[in-house]
Amino acid sequence: MRFMTTPDNTSDTPADASREVIAVAAQDWARACAEPQYRAAVVDLLGALAYGELAAFERLAEDAKLAPTLADKAELAKMASAEFHHYEKLKDRLTEIGEEPTLAMEPFVAALDGFHKQTAPSDWLEGLVKAYVGDSIASDFYREVAARLDADTRELVLAVLDDTGHAGFAVEKVRAAIDADPRVGGRLALWARRLMGEALSQSQRVVADRDALSTMLVGGVADGFDLAEVGRMFSRITEAHTKRMAALGLAA
């Protein structure tokens with residue numbers, strides 16, 4: 001299994017490798033896409049993100065049916081709309097660079113659908129925790145990737161990872177539920193730990209079978225791979241997860 005890395009390890013890598021990371025990150029798309037393997041990696045990344053946003057839209061629309069009040073239903077519908085707009089940005093970008101969006105998304109359908117099938121919430125609160133915890137882990141993963149991209153692609157990726165309102169809404173509702181019935185906390189803590197494991201596995205599966213994307217993330221086009229940095233990357237994601245759990249009033 002090959003994992004991704006980030007340019008944070010530049011001080012731990014040879015000088016030539018560090019210069020390569022900086023060169024790629026400083027380029028715009030017009031220059032960076034001249035490297036065929038890098039272009040293929042970016043198409044994979046945008047395809048994975050686009051399908052992720054489309055799936056998030058569908059899931060939030062479904063979760064809205066579980067909402068206990070009309071106000072909650074409307075809030076989730078607004079979030080679903082934001083996710084769809086993110087999908088449209090990615091779809092339009094793929095078209096702009098001469099790629100067919102559906103073909104770019106297709107390789108990632110099985111892995112992402114599998115994740116959502118394995119983590120289907122049984123009630124409203126589990127849906128909120130998934131939207132807050134599960135989606136945030138995926139976003140952390142993609143932000144790590146974004147640090148290695150050309151300037152134009154990085155700007156787009158970070159834009160579609162913007163919070164759609166999940167965070168504050170989920171924290172408010174989950175904490176209120178726990179205050180009303182502390183027993184809810186134990187069940188949701190177990191659920192969040194399961195989401196953590198499934199989300200990390202899904203993040204690895206996203207790139208496991210895509211050679212160009214894997215090569216970009218662990219070396220090659222954007223050189224600078226460091227096994228120690230892989231561990232630090234997962235530590236950063238785990239630490240962010242722990243902080244989110246605390247914000248929800250749950251034990252990690």
# chains A, B, ... in the order shown; residues from 1 in each chain; ligands from 1
call {"tool": "residues_around", "arguments": {"residues": "segment 180-189 of chain A", "least_positions_apart": "5", "cutoff": "12 Å", "atoms": "only C-alpha atoms", "output": "number ranges by chain"}}
result
A: 121-130, 133, 173-175, 194-196, 241-242, 244-246, 248-252
call {"tool": "write_last_selection", "arguments": {"atoms": "N, CA and C atoms", "output": "CSV table (one decimal), in the first residue's frame"}}
result
chain,number,residue,atom,x,y,z
A,121,PRO,N,-25.8,6.1,8.5
A,121,PRO,CA,-26.3,6.4,9.8
A,121,PRO,C,-27.7,5.8,10.1
A,122,SER,N,-27.9,5.4,11.3
A,122,SER,CA,-29.2,4.8,11.7
A,122,SER,C,-30.2,5.8,12.2
A,123,ASP,N,-29.7,7.1,12.5
A,123,ASP,CA,-30.6,8.1,13.0
A,123,ASP,C,-30.0,9.5,12.7
A,124,TRP,N,-30.8,10.5,13.1
A,124,TRP,CA,-30.4,11.9,12.8
A,124,TRP,C,-29.0,12.2,13.4
A,125,LEU,N,-28.8,11.9,14.7
A,125,LEU,CA,-27.6,12.2,15.3
A,125,LEU,C,-26.4,11.5,14.7
A,126,GLU,N,-26.5,10.3,14.3
A,126,GLU,CA,-25.4,9.6,13.7
A,126,GLU,C,-25.1,10.3,12.3
A,127,GLY,N,-26.1,10.7,11.6
A,127,GLY,CA,-25.9,11.5,10.4
A,127,GLY,C,-25.1,12.7,10.6
A,128,LEU,N,-25.4,13.5,11.7
A,128,LEU,CA,-24.7,14.7,12.0
A,128,LEU,C,-23.2,14.4,12.3
A,129,VAL,N,-23.0,13.4,13.1
A,129,VAL,CA,-21.6,13.1,13.5
A,129,VAL,C,-20.8,12.6,12.2
A,130,LYS,N,-21.5,11.9,11.3
A,130,LYS,CA,-20.8,11.5,10.1
A,130,LYS,C,-20.4,12.7,9.3
A,133,VAL,N,-17.6,14.6,11.5
A,133,VAL,CA,-16.3,13.8,11.7
A,133,VAL,C,-15.8,13.2,10.4
A,173,LYS,N,-26.2,20.7,17.7
A,173,LYS,CA,-27.2,19.7,17.8
A,173,LYS,C,-26.7,18.5,18.7
A,174,VAL,N,-25.5,18.1,18.4
A,174,VAL,CA,-25.0,16.9,19.1
A,174,VAL,C,-24.8,17.2,20.6
A,175,ARG,N,-24.3,18.3,20.9
A,175,ARG,CA,-24.0,18.7,22.3
A,175,ARG,C,-25.4,18.9,23.1
A,194,ARG,N,-15.6,4.4,14.8
A,194,ARG,CA,-15.8,3.6,13.6
A,194,ARG,C,-15.6,4.4,12.3
A,195,LEU,N,-16.2,5.6,12.3
A,195,LEU,CA,-16.0,6.5,11.2
A,195,LEU,C,-14.6,6.8,10.9
A,196,MET,N,-13.8,7.0,12.0
A,196,MET,CA,-12.4,7.3,11.9
A,196,MET,C,-11.7,6.2,11.1
A,241,HIS,N,-8.9,15.0,14.5
A,241,HIS,CA,-10.1,14.2,14.8
A,241,HIS,C,-10.4,14.3,16.3
A,242,THR,N,-9.3,14.1,17.1
A,242,THR,CA,-9.5,14.2,18.6
A,242,THR,C,-10.1,15.5,19.0
A,244,ARG,N,-12.0,17.5,17.2
A,244,ARG,CA,-13.4,17.6,16.8
A,244,ARG,C,-14.3,16.8,17.7
A,245,MET,N,-13.8,15.6,18.2
A,245,MET,CA,-14.5,14.8,19.1
A,245,MET,C,-14.8,15.6,20.4
A,246,ALA,N,-13.7,16.3,20.9
A,246,ALA,CA,-13.9,17.1,22.1
A,246,ALA,C,-14.9,18.2,21.9
A,248,LEU,N,-17.5,18.1,20.1
A,248,LEU,CA,-18.8,17.5,20.1
A,248,LEU,C,-19.2,17.0,21.5
A,249,GLY,N,-18.2,17.0,22.4
A,249,GLY,CA,-18.5,16.5,23.8
A,249,GLY,C,-18.3,15.0,23.9
A,250,LEU,N,-17.5,14.4,23.0
A,250,LEU,CA,-17.3,13.0,22.9
A,250,LEU,C,-15.9,12.6,23.2
A,251,ALA,N,-15.7,11.5,23.8
A,251,ALA,CA,-14.3,11.0,24.0
A,251,ALA,C,-13.8,10.3,22.8
A,252,ALA,N,-12.6,10.6,22.4
A,252,ALA,CA,-11.9,10.0,21.2
A,252,ALA,C,-11.5,8.6,21.6
call {"tool": "residues_around", "arguments": {"residues": "Pro107 of chain A", "least_positions_apart": "2", "cutoff": "9 Å", "atoms": "only C-alpha atoms", "output": "list in words"}}
result
Asp44, Gly47, Ala48, Leu103, Ala104, Met105, Val109, Ala110, Ala111, Val206, Asp209 and Arg210 of chain A
call {"tool": "residues_around", "arguments": {"residues": "segment 135-142 of chain A", "least_positions_apart": "6", "cutoff": "8 Å", "atoms": "only C-alpha atoms", "output": "JSON, numbers by chain"}}
result
{"A": [157, 161, 196, 199, 200, 203, 237, 241]}
call {"tool": "write_last_selection", "arguments": {"atoms": "N, CA, C and O atoms", "output": "short mmCIF file (atom, residue, chain, number, x, y, z; two decimals), in the first residue's frame"}}
result
data_model
loop_
_atom_site.label_atom_id
_atom_site.label_comp_id
_atom_site.auth_asym_id
_atom_site.auth_seq_id
_atom_site.Cartn_x
_atom_site.Cartn_y
_atom_site.Cartn_z
N VAL A 157 -9.02 23.15 -5.19
CA VAL A 157 -9.23 22.10 -4.20
C VAL A 157 -9.57 22.69 -2.83
O VAL A 157 -10.52 22.27 -2.16
N LEU A 161 -13.19 22.54 -0.47
CA LEU A 161 -13.13 21.93 0.85
C LEU A 161 -13.64 22.87 1.94
O LEU A 161 -13.68 22.50 3.11
N MET A 196 -13.83 7.03 11.99
CA MET A 196 -12.41 7.34 11.85
C MET A 196 -11.68 6.23 11.11
O MET A 196 -10.95 6.47 10.14
N ALA A 199 -12.92 6.00 7.42
CA ALA A 199 -12.51 7.14 6.61
C ALA A 199 -11.04 7.05 6.24
O ALA A 199 -10.66 7.36 5.10
N LEU A 200 -10.20 6.65 7.16
CA LEU A 200 -8.78 6.50 6.85
C LEU A 200 -8.55 5.40 5.82
O LEU A 200 -7.74 5.55 4.90
N SER A 203 -9.60 6.72 2.48
CA SER A 203 -8.62 7.66 1.93
C SER A 203 -7.47 6.92 1.26
O SER A 203 -6.97 7.33 0.21
N ILE A 237 -3.82 14.12 11.18
CA ILE A 237 -5.24 13.83 10.94
C ILE A 237 -5.90 13.30 12.21
O ILE A 237 -7.02 13.68 12.55
N HIS A 241 -8.92 14.96 14.48
CA HIS A 241 -10.10 14.18 14.82
C HIS A 241 -10.38 14.25 16.32
O HIS A 241 -11.53 14.42 16.75
#
call {"tool": "closest_residue", "arguments": {"among": "A:Val171, A:Leu190, A:Ala40, A:Leu45", "to": "Arg154 of chain A", "atoms": "only C-alpha atoms"}}
result
A:Leu45
